[in-house]
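Engineer: What follows is final_14.txt, compact mmCIF, C-alpha atoms.
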# COMPACT_ATOMS: atom_id res chain seq x y z
CA ASN A 1 88.92 67.52 95.52
CA ASP A 2 92.53 68.60 94.90
CA ASN A 3 91.44 72.04 93.82
CA MET A 4 89.63 72.76 97.07
CA ASP A 5 92.58 71.47 99.07
CA GLY A 6 94.94 73.66 97.04
CA GLU A 7 92.79 76.71 97.70
CA ARG A 8 92.65 75.97 101.41
CA GLU A 9 96.41 75.44 101.64
CA ARG A 10 97.04 78.65 99.78
CA ALA A 11 94.73 80.59 102.10
CA GLU A 12 96.51 79.04 105.10
CA PHE A 13 99.88 80.07 103.69
CA GLU A 14 98.73 83.65 103.14
CA ASN A 15 97.47 83.65 106.70
CA LEU A 16 100.92 82.49 107.78
CA LEU A 17 102.46 85.44 105.89
CA GLN A 18 100.08 87.79 107.72
CA ASN A 19 101.27 86.33 111.04
CA LEU A 20 104.92 86.76 110.05
CA MET A 21 104.19 90.51 109.92
CA SER A 22 102.33 90.48 113.23
CA PRO A 23 103.31 93.09 115.85
CA GLU A 24 102.62 90.39 118.46
CA ASN A 25 105.89 88.64 119.34
CA ASP A 26 104.29 85.28 120.15
CA SER A 27 102.26 84.87 116.98
CA ARG A 28 105.23 86.07 114.91
CA THR A 29 107.63 83.58 116.53
CA GLN A 30 105.12 80.79 116.08
CA ALA A 31 104.64 81.70 112.40
CA GLU A 32 108.44 81.79 111.88
CA GLU A 33 108.74 78.26 113.29
CA VAL A 34 106.01 76.97 110.99
CA TYR A 35 107.50 78.77 107.97
CA ASP A 36 111.06 77.53 108.67
CA GLY A 37 109.70 73.99 108.98
CA LEU A 38 108.20 73.96 105.48
CA PRO A 39 110.17 72.14 102.75
CA PHE A 40 111.83 74.34 100.11
CA GLN A 41 109.49 73.07 97.43
CA THR A 42 106.37 74.08 99.41
CA ARG A 43 107.82 77.48 100.25
CA THR A 44 108.80 78.18 96.64
CA THR A 45 105.41 77.17 95.23
CA PHE A 46 103.38 79.13 97.77
CA LEU A 47 105.58 82.23 97.79
CA ILE A 48 105.31 82.53 94.01
CA GLN A 49 101.53 82.01 94.19
CA ALA A 50 101.21 84.70 96.86
CA MET A 51 103.36 87.16 94.88
CA LYS A 52 101.32 86.52 91.74
CA ASN A 53 97.86 86.66 93.30
CA SER A 54 96.61 90.19 92.61
CA ILE A 55 93.64 89.89 95.00
CA THR A 56 95.96 89.24 97.97
CA PRO A 57 96.62 92.42 100.02
CA VAL A 58 99.72 94.12 98.65
CA GLU A 59 101.62 94.07 101.96
CA VAL A 60 101.25 90.26 102.07
CA ARG A 61 102.52 90.03 98.48
CA VAL A 62 105.48 92.27 99.32
CA MET A 63 106.24 90.05 102.31
CA ALA A 64 106.19 86.99 100.01
CA ALA A 65 108.64 88.71 97.64
CA VAL A 66 110.97 89.67 100.51
CA LEU A 67 110.95 86.07 101.77
CA PHE A 68 111.51 84.63 98.30
CA ARG A 69 114.46 86.91 97.69
CA ARG A 70 115.89 85.91 101.09
CA LEU A 71 115.42 82.24 100.16
CA LEU A 72 117.34 82.80 96.92
CA SER A 73 120.13 84.82 98.51
CA SER A 74 120.79 82.72 101.61
CA THR A 75 120.01 79.13 100.60
CA PHE A 76 120.32 78.94 96.81
CA GLU A 77 122.91 76.11 96.87
CA GLU A 78 120.52 73.86 98.84
CA LEU A 79 117.26 75.24 97.47
CA TRP A 80 117.76 74.98 93.71
CA PRO A 81 118.93 71.35 93.38
CA SER A 82 116.10 70.26 95.71
CA LEU A 83 113.37 71.56 93.36
CA PRO A 84 111.95 69.16 90.74
CA PRO A 85 112.78 70.18 87.11
CA GLU A 86 109.20 71.27 86.36
CA LEU A 87 109.21 73.65 89.35
CA GLN A 88 112.63 75.01 88.29
CA ALA A 89 111.20 75.70 84.84
CA GLU A 90 108.13 77.31 86.43
CA VAL A 91 110.29 79.65 88.55
CA LYS A 92 112.24 80.78 85.46
CA VAL A 93 109.04 81.57 83.58
CA GLN A 94 106.98 83.04 86.43
CA LEU A 95 109.61 85.53 87.64
CA LEU A 96 109.47 87.27 84.25
CA VAL A 97 105.72 86.85 83.61
CA MET A 98 104.88 88.34 87.01
CA ILE A 99 106.96 91.48 86.42
CA GLN A 100 105.23 92.04 83.08
CA ALA A 101 101.76 91.59 84.55
CA GLU A 102 102.26 93.61 87.75
CA GLN A 103 100.41 96.94 88.06
CA ASN A 104 101.66 98.00 91.51
CA GLY A 105 105.00 99.86 91.30
CA VAL A 106 106.27 98.85 94.75
CA MET A 107 105.43 95.20 94.16
CA ARG A 108 107.02 95.23 90.72
CA ARG A 109 110.30 96.54 92.17
CA ARG A 110 110.25 93.77 94.80
CA MET A 111 109.73 91.22 92.01
CA CYS A 112 112.70 92.76 90.18
CA ASP A 113 114.79 92.23 93.34
CA CYS A 114 113.84 88.53 93.25
CA ALA A 115 114.67 88.26 89.54
CA SER A 116 118.04 90.00 90.14
CA GLU A 117 118.95 87.62 92.96
CA PHE A 118 117.95 84.65 90.81
CA ALA A 119 119.92 85.93 87.78
CA ARG A 120 123.02 86.43 89.94
CA ASN A 121 122.84 82.78 90.98
CA MET A 122 122.26 81.60 87.42
CA ILE A 123 125.67 82.74 86.13
CA ASP A 124 128.03 79.77 86.26
CA GLU A 125 131.81 79.76 86.85
CA ASP A 126 132.52 80.14 83.13
CA GLY A 127 130.30 83.19 82.88
CA ASN A 128 127.41 81.42 81.14
CA ASN A 129 124.01 82.73 82.11
CA LEU A 130 121.86 79.60 82.61
CA TRP A 131 118.74 81.77 82.40
CA PRO A 132 119.09 83.19 78.85
CA GLU A 133 115.41 84.22 78.87
CA VAL A 134 116.26 87.06 81.24
CA LEU A 135 118.60 88.63 78.65
CA LYS A 136 115.87 88.65 76.00
CA PHE A 137 113.51 90.02 78.66
CA LEU A 138 115.88 92.95 79.36
CA PHE A 139 116.07 93.93 75.69
CA ASP A 140 112.31 93.53 75.17
CA CYS A 141 111.46 95.63 78.24
CA VAL A 142 113.84 98.47 77.49
CA GLY A 143 112.42 98.61 73.98
CA SER A 144 108.83 98.57 75.25
CA ALA A 145 106.55 101.61 75.36
CA ASP A 146 105.69 100.85 79.00
CA ALA A 147 107.75 103.00 81.38
CA GLY A 148 107.24 100.51 84.23
CA LEU A 149 108.78 97.71 82.17
CA LYS A 150 111.71 99.89 81.07
CA GLU A 151 112.37 100.73 84.68
CA SER A 152 112.15 97.03 85.66
CA ALA A 153 114.80 96.00 83.13
CA LEU A 154 117.13 98.77 84.32
CA ILE A 155 116.65 97.85 88.00
CA ILE A 156 117.67 94.26 87.23
CA PHE A 157 120.64 95.37 85.12
CA ALA A 158 121.82 97.83 87.80
CA ALA A 159 121.63 95.08 90.44
CA VAL A 160 123.44 92.49 88.28
CA PRO A 161 125.70 94.44 85.87
CA GLY A 162 127.50 91.18 85.01
CA ILE A 163 124.25 89.59 83.85
CA PHE A 164 125.54 89.10 80.27
CA GLY A 165 128.47 87.08 81.60
CA ALA A 166 130.71 85.67 78.89
CA GLN A 167 128.45 87.16 76.19
CA GLN A 168 129.06 90.74 77.29
CA ALA A 169 131.68 91.60 74.66
CA GLU A 170 129.51 90.49 71.74
CA HIS A 171 126.51 92.40 73.11
CA ILE A 172 128.34 95.55 74.21
CA ASN A 173 127.00 97.84 71.45
CA VAL A 174 123.41 96.68 72.02
CA ILE A 175 123.87 97.15 75.79
CA LYS A 176 125.12 100.68 75.15
CA GLU A 177 122.21 101.43 72.82
CA MET A 178 119.73 100.08 75.37
CA LEU A 179 121.15 102.27 78.18
CA MET A 180 121.51 105.34 75.98
CA SER A 181 117.89 105.24 74.79
CA ALA A 182 116.66 104.95 78.39
CA LEU A 183 118.93 107.78 79.56
CA ASN A 184 117.41 109.99 76.85
CA ASP A 185 113.79 109.13 77.67
CA GLN A 186 112.51 112.69 78.08
CA GLN A 187 108.98 111.64 79.10
CA ASN A 188 109.90 109.53 82.13
CA PRO A 189 112.22 110.79 84.89
CA PRO A 190 112.14 107.40 86.75
CA VAL A 191 113.37 105.67 83.59
CA ARG A 192 116.20 108.22 83.16
CA GLN A 193 117.21 107.83 86.81
CA SER A 194 117.14 104.02 86.64
CA ALA A 195 119.25 104.24 83.46
CA ALA A 196 121.78 106.46 85.24
CA LYS A 197 122.05 103.95 88.11
CA ALA A 198 122.45 101.09 85.63
CA ILE A 199 125.17 102.91 83.64
CA SER A 200 127.07 103.79 86.79
CA SER A 201 126.74 100.23 88.10
CA PHE A 202 127.97 98.80 84.77
CA LEU A 203 130.96 101.14 84.57
CA LEU A 204 131.95 100.38 88.18
CA ALA A 205 131.69 96.64 87.51
CA ASN A 206 134.01 97.17 84.50
CA ASP A 207 136.39 99.56 86.24
CA LYS A 208 139.48 97.92 84.66
CA GLU A 209 138.00 97.92 81.13
CA THR A 210 139.18 101.21 79.60
CA ASN A 211 137.68 100.24 76.23
CA ILE A 212 134.18 100.09 77.80
CA GLN A 213 134.73 103.41 79.55
CA ASN A 214 135.83 104.97 76.25
CA LEU A 215 132.81 103.50 74.45
CA PHE A 216 130.53 104.98 77.16
CA LYS A 217 132.15 108.43 77.37
CA ASP A 218 129.44 110.09 75.26
CA MET A 219 126.95 109.10 77.99
CA LEU A 220 128.63 111.25 80.63
CA PRO A 221 126.83 114.56 79.87
CA GLY A 222 123.40 112.85 80.02
CA LEU A 223 124.45 111.02 83.17
CA LEU A 224 125.39 114.28 84.90
CA ARG A 225 122.20 116.01 83.71
CA THR A 226 120.17 113.22 85.33
CA ILE A 227 122.19 113.46 88.56
CA VAL A 228 121.59 117.24 88.67
CA GLU A 229 117.85 116.57 88.13
CA SER A 230 117.80 114.08 90.99
CA VAL A 231 119.41 116.64 93.32
CA GLU A 232 116.83 119.25 92.28
CA ALA A 233 113.97 116.77 92.84
CA GLN A 234 115.27 115.89 96.32
CA GLU A 235 113.66 112.45 96.29
CA ASP A 236 116.50 109.95 96.05
CA ASP A 237 120.16 110.54 96.87
CA ALA A 238 121.24 107.23 95.28
CA LEU A 239 122.44 108.95 92.10
CA LEU A 240 124.65 111.38 93.97
CA LYS A 241 126.12 108.37 95.78
CA CYS A 242 126.77 106.71 92.38
CA LEU A 243 128.70 109.80 91.33
CA ILE A 244 130.82 109.60 94.51
CA GLU A 245 131.63 105.95 93.83
CA MET A 246 132.57 106.74 90.25
CA ALA A 247 134.82 109.59 91.40
CA GLU A 248 136.59 107.19 93.77
CA THR A 249 136.84 104.20 91.41
CA ILE A 250 136.95 105.53 87.84
CA PRO A 251 138.01 109.20 88.15
CA LYS A 252 139.42 109.23 84.60
CA TYR A 253 135.96 108.58 83.21
CA LEU A 254 134.65 111.75 84.89
CA ARG A 255 137.61 113.97 84.01
CA PRO A 256 136.11 115.54 80.82
CA GLN A 257 133.25 116.92 82.95
CA VAL A 258 135.22 117.85 86.04
CA GLU A 259 134.19 121.50 85.74
CA THR A 260 130.48 120.62 85.63
CA ILE A 261 130.92 118.34 88.66
CA LEU A 262 132.69 121.09 90.63
CA GLN A 263 129.97 123.60 89.77
CA LEU A 264 127.28 121.11 90.82
CA SER A 265 129.05 120.46 94.11
CA LEU A 266 129.78 124.09 94.98
CA LYS A 267 126.26 125.19 94.08
CA ASN A 268 124.75 122.56 96.39
CA ILE A 269 127.18 123.10 99.24
CA ALA A 270 126.24 126.78 99.18
CA ASP A 271 122.47 126.10 99.04
CA THR A 272 121.31 126.40 102.65
CA ASN A 273 117.81 125.28 101.68
CA LEU A 274 119.13 121.80 100.91
CA PRO A 275 119.04 119.25 103.75
CA ASP A 276 122.43 118.78 105.43
CA GLN A 277 122.93 115.20 104.25
CA TRP A 278 122.65 116.28 100.61
CA ARG A 279 125.15 119.10 101.12
CA GLN A 280 127.57 116.66 102.81
CA LEU A 281 127.31 114.30 99.86
Could you write out this file's structure as structure tokens?
Structural biologist:
Amino acid sequence: NDNMDGERERAEFENLLQNLMSPENDSRTQAEEVYDGLPFQTRTTFLIQAMKNSITPVEVRVMAAVLFRRLLSSTFEELWPSLPPELQAEVKVQLLVMIQAEQNGVMRRRMCDCASEFARNMIDEDGNNLWPEVLKFLFDCVGSADAGLKESALIIFAAVPGIFGAQQAEHINVIKEMLMSALNDQQNPPVRQSAAKAISSFLLANDKETNIQNLFKDMLPGLLRTIVESVEAQEDDALLKCLIEMAETIPKYLRPQVETILQLSLKNIADTNLPDQWRQL
């Protein structure tokens, strides 16, 4: 019975993932040897199954996502051509379906990392995105009422700001609209913060395009408001780091708000209740 065999193999693979996380050196090394010996096709199929399987313990699923992303980032040139066309099609569909179905926030972000890595590899030399479904997915998610999906789209966009490739110019107003609506999402701070990271990432990727910076200049006040919020919340210093990168790379973009930025900086440098690393930033 193929079905029984499939179940057994899947259970064995999940067991292998458990062993890859083992604190015991020997069992971990042994598991690594077995894992490295598996063909790409087997690894791809089982990693996706493990990521998707909601009854699998979440740490095992996270491990599967980390390994899948590593597979995509380090061996894509060998991996992708070796997969049969139906498995390639399956990967393209499943990466997006899984994100939409996922209830666990940590796991969903790991899936977004996989989708980002895959999207990056799907842009060819001429700037064509060979995974057009991901672009539709971004627009659908940002327009959705689900904050988790909005955040997912923005995480992918922030990681791959060139995701629109050669189609960027024709989509630029829709891209702006999509980012602006997320930046103004008053109900969901994580969505606003992900939008701020995505905007900063996009502007830095287009640091020579003054027309894009001019088009985005009305976003700057909202961007700074969100950065100030993130400093007050003290949870994630990534936004402050985005501001530093923008100041180094596209200072002209920030010039209209230079006074606000100075006030923000001086206020935080003077605040002895803030942790040192924040004051240094």
Engineer: Do you know which residues are at most 9 Å from segment 105-108 of chain A counting all atoms listed in the file, after dropping those on the same chain fewer than 2 positions away, and could you put them as a VMD selection string?
Structural biologist: chain A and resid 51 58 to 59 61 to 62 65 98 to 103 110 to 113 148 152
Engineer: Any idea what's packed within 9 Å of Phe118 of chain A, counting all atoms listed in the file, ignoring anything in its chain fewer than 3 positions away? Could you give it as an mmCIF file with C-alpha atoms, keeping the file's coordinate frame?
Structural biologist:
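Written file, result-v9.cif:
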data_model
loop_
_atom_site.group_PDB
_atom_site.id
_atom_site.type_symbol
_atom_site.label_atom_id
_atom_site.label_comp_id
_atom_site.auth_asym_id
_atom_site.auth_seq_id
_atom_site.Cartn_x
_atom_site.Cartn_y
_atom_site.Cartn_z
ATOM 1 C CA ARG A 69 114.460 86.910 97.690
ATOM 2 C CA LEU A 72 117.340 82.800 96.920
ATOM 3 C CA SER A 73 120.130 84.820 98.510
ATOM 4 C CA PHE A 76 120.320 78.940 96.810
ATOM 5 C CA LYS A 92 112.240 80.780 85.460
ATOM 6 C CA LEU A 95 109.610 85.530 87.640
ATOM 7 C CA ASP A 113 114.790 92.230 93.340
ATOM 8 C CA CYS A 114 113.840 88.530 93.250
ATOM 9 C CA ALA A 115 114.670 88.260 89.540
ATOM 10 C CA ASN A 121 122.840 82.780 90.980
ATOM 11 C CA MET A 122 122.260 81.600 87.420
ATOM 12 C CA TRP A 131 118.740 81.770 82.400
#
Engineer: Find the residue from A:Lys176, A:Lys267, A:Arg28, A:Lys241 that sits nearest to Asn15 of chain A; use all atoms listed in the file when measuring.
Structural biologist: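 Answer, going by the shortest atom-to-atom distance: A:Arg28.
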Engineer: What is the distance between atom CA of Leu224 of chain A and atom CA of Val134 of chain A, in Å to one decimal?
Structural biologist: 28.9 Å
Engineer: Report as a tab-separated table: every residue of segment 134-176 of chain A with an atom at most 10 Å from segment 186-209 of chain A, its closest pair of atoms, and their distance in Å to one decimal, counting only C-alpha atoms, with rows sorted by chain and ascending residue number.
Structural biologist:
residue	atom	partner	partner_atom	distance
A:Val142	CA	A:Val191	CA	9.4
A:Ala147	CA	A:Val191	CA	6.6
A:Gly148	CA	A:Val191	CA	8.0
A:Leu149	CA	A:Val191	CA	9.3
A:Lys150	CA	A:Val191	CA	6.5
A:Glu151	CA	A:Val191	CA	5.2
A:Ser152	CA	A:Ser194	CA	8.6
A:Ala153	CA	A:Ser194	CA	9.1
A:Leu154	CA	A:Ser194	CA	5.7
A:Ile155	CA	A:Ser194	CA	6.3
A:Ile156	CA	A:Ala198	CA	8.5
A:Phe157	CA	A:Ala198	CA	6.0
A:Ala158	CA	A:Ala198	CA	4.0
A:Ala159	CA	A:Ser201	CA	7.6
A:Val160	CA	A:Ser201	CA	8.4
A:Pro161	CA	A:Phe202	CA	5.0
A:Gly162	CA	A:Ala205	CA	7.3
A:Ile163	CA	A:Phe202	CA	10.0
A:Ile175	CA	A:Ile199	CA	9.8
A:Lys176	CA	A:Ile199	CA	8.8
Engineer: Between A:Phe40, A:Phe216, A:Trp278, A:Tyr35, which residue has the minimum interatomic distance to Tyr253 of chain A, considering only C-alpha atoms?
Structural biologist: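 Going through A:Phe40, A:Phe216, A:Trp278, A:Tyr35 one by one, the smallest distance to Tyr253 of chain A is for A:Phe216.
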Engineer: For the atom pair atom CA of Met180 of chain A and atom CA of Met219 of chain A, what is the interatomic distance in Å to one decimal place?
Structural biologist: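 Value for the atom CA of Met180 of chain A-atom CA of Met219 of chain A distance: 6.9 Å.
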Engineer: Taking (104.6, 83.1, 100.8) in the coordinates of the supplied file, I want to know which residues reach to within 7 Å of it, counting only C-alpha atoms; could you give the answer as a list in words?
Structural biologist: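 So the residues meeting the distance criterion are Phe13, Glu14, Leu17, Arg43, Phe46, Leu47, Ile48, Ala50 and Ala64 of chain A.
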Engineer: Identify which of the residues A:Asp140, A:Leu67, A:Thr44, A:Glu235 lies closest to Trp80 of chain A, counting only C-alpha atoms when measuring atom-to-atom distances.
Structural biologist: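 The closest residue to Trp80 of chain A is A:Thr44.
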Engineer: Find the distance between atom CA of Leu274 of chain A and atom CA of Val258 of chain A and write it in Å to one decimal.
Structural biologist: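 The value is 22.3 Å.
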Engineer: Excluding Ile269 of chain A and residues on its chain fewer than 5 positions from it, collect all residues at most 9 Å away from it, counting all atoms listed in the file, and give them as number ranges by chain.
Structural biologist: A: 264, 274, 276, 278-281
Engineer: Would you write out those residues with C-alpha atoms, as a PDB file, in the coordinates of the input?
Structural biologist:
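Result written to out-v2.pdb:
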ATOM      1  CA  LEU A 264     127.280 121.110  90.820  1.00  0.00           C
ATOM      2  CA  LEU A 274     119.130 121.800 100.910  1.00  0.00           C
ATOM      3  CA  ASP A 276     122.430 118.780 105.430  1.00  0.00           C
ATOM      4  CA  TRP A 278     122.650 116.280 100.610  1.00  0.00           C
ATOM      5  CA  ARG A 279     125.150 119.100 101.120  1.00  0.00           C
ATOM      6  CA  GLN A 280     127.570 116.660 102.810  1.00  0.00           C
ATOM      7  CA  LEU A 281     127.310 114.300  99.860  1.00  0.00           C
TER       8      LEU A 281
END
Engineer: Restricting the calculation to all atoms listed in the file, which member of A:Leu215, A:Val93, A:Leu135, A:Leu223 is positioned closest to Leu183 of chain A?
Structural biologist: A:Leu223
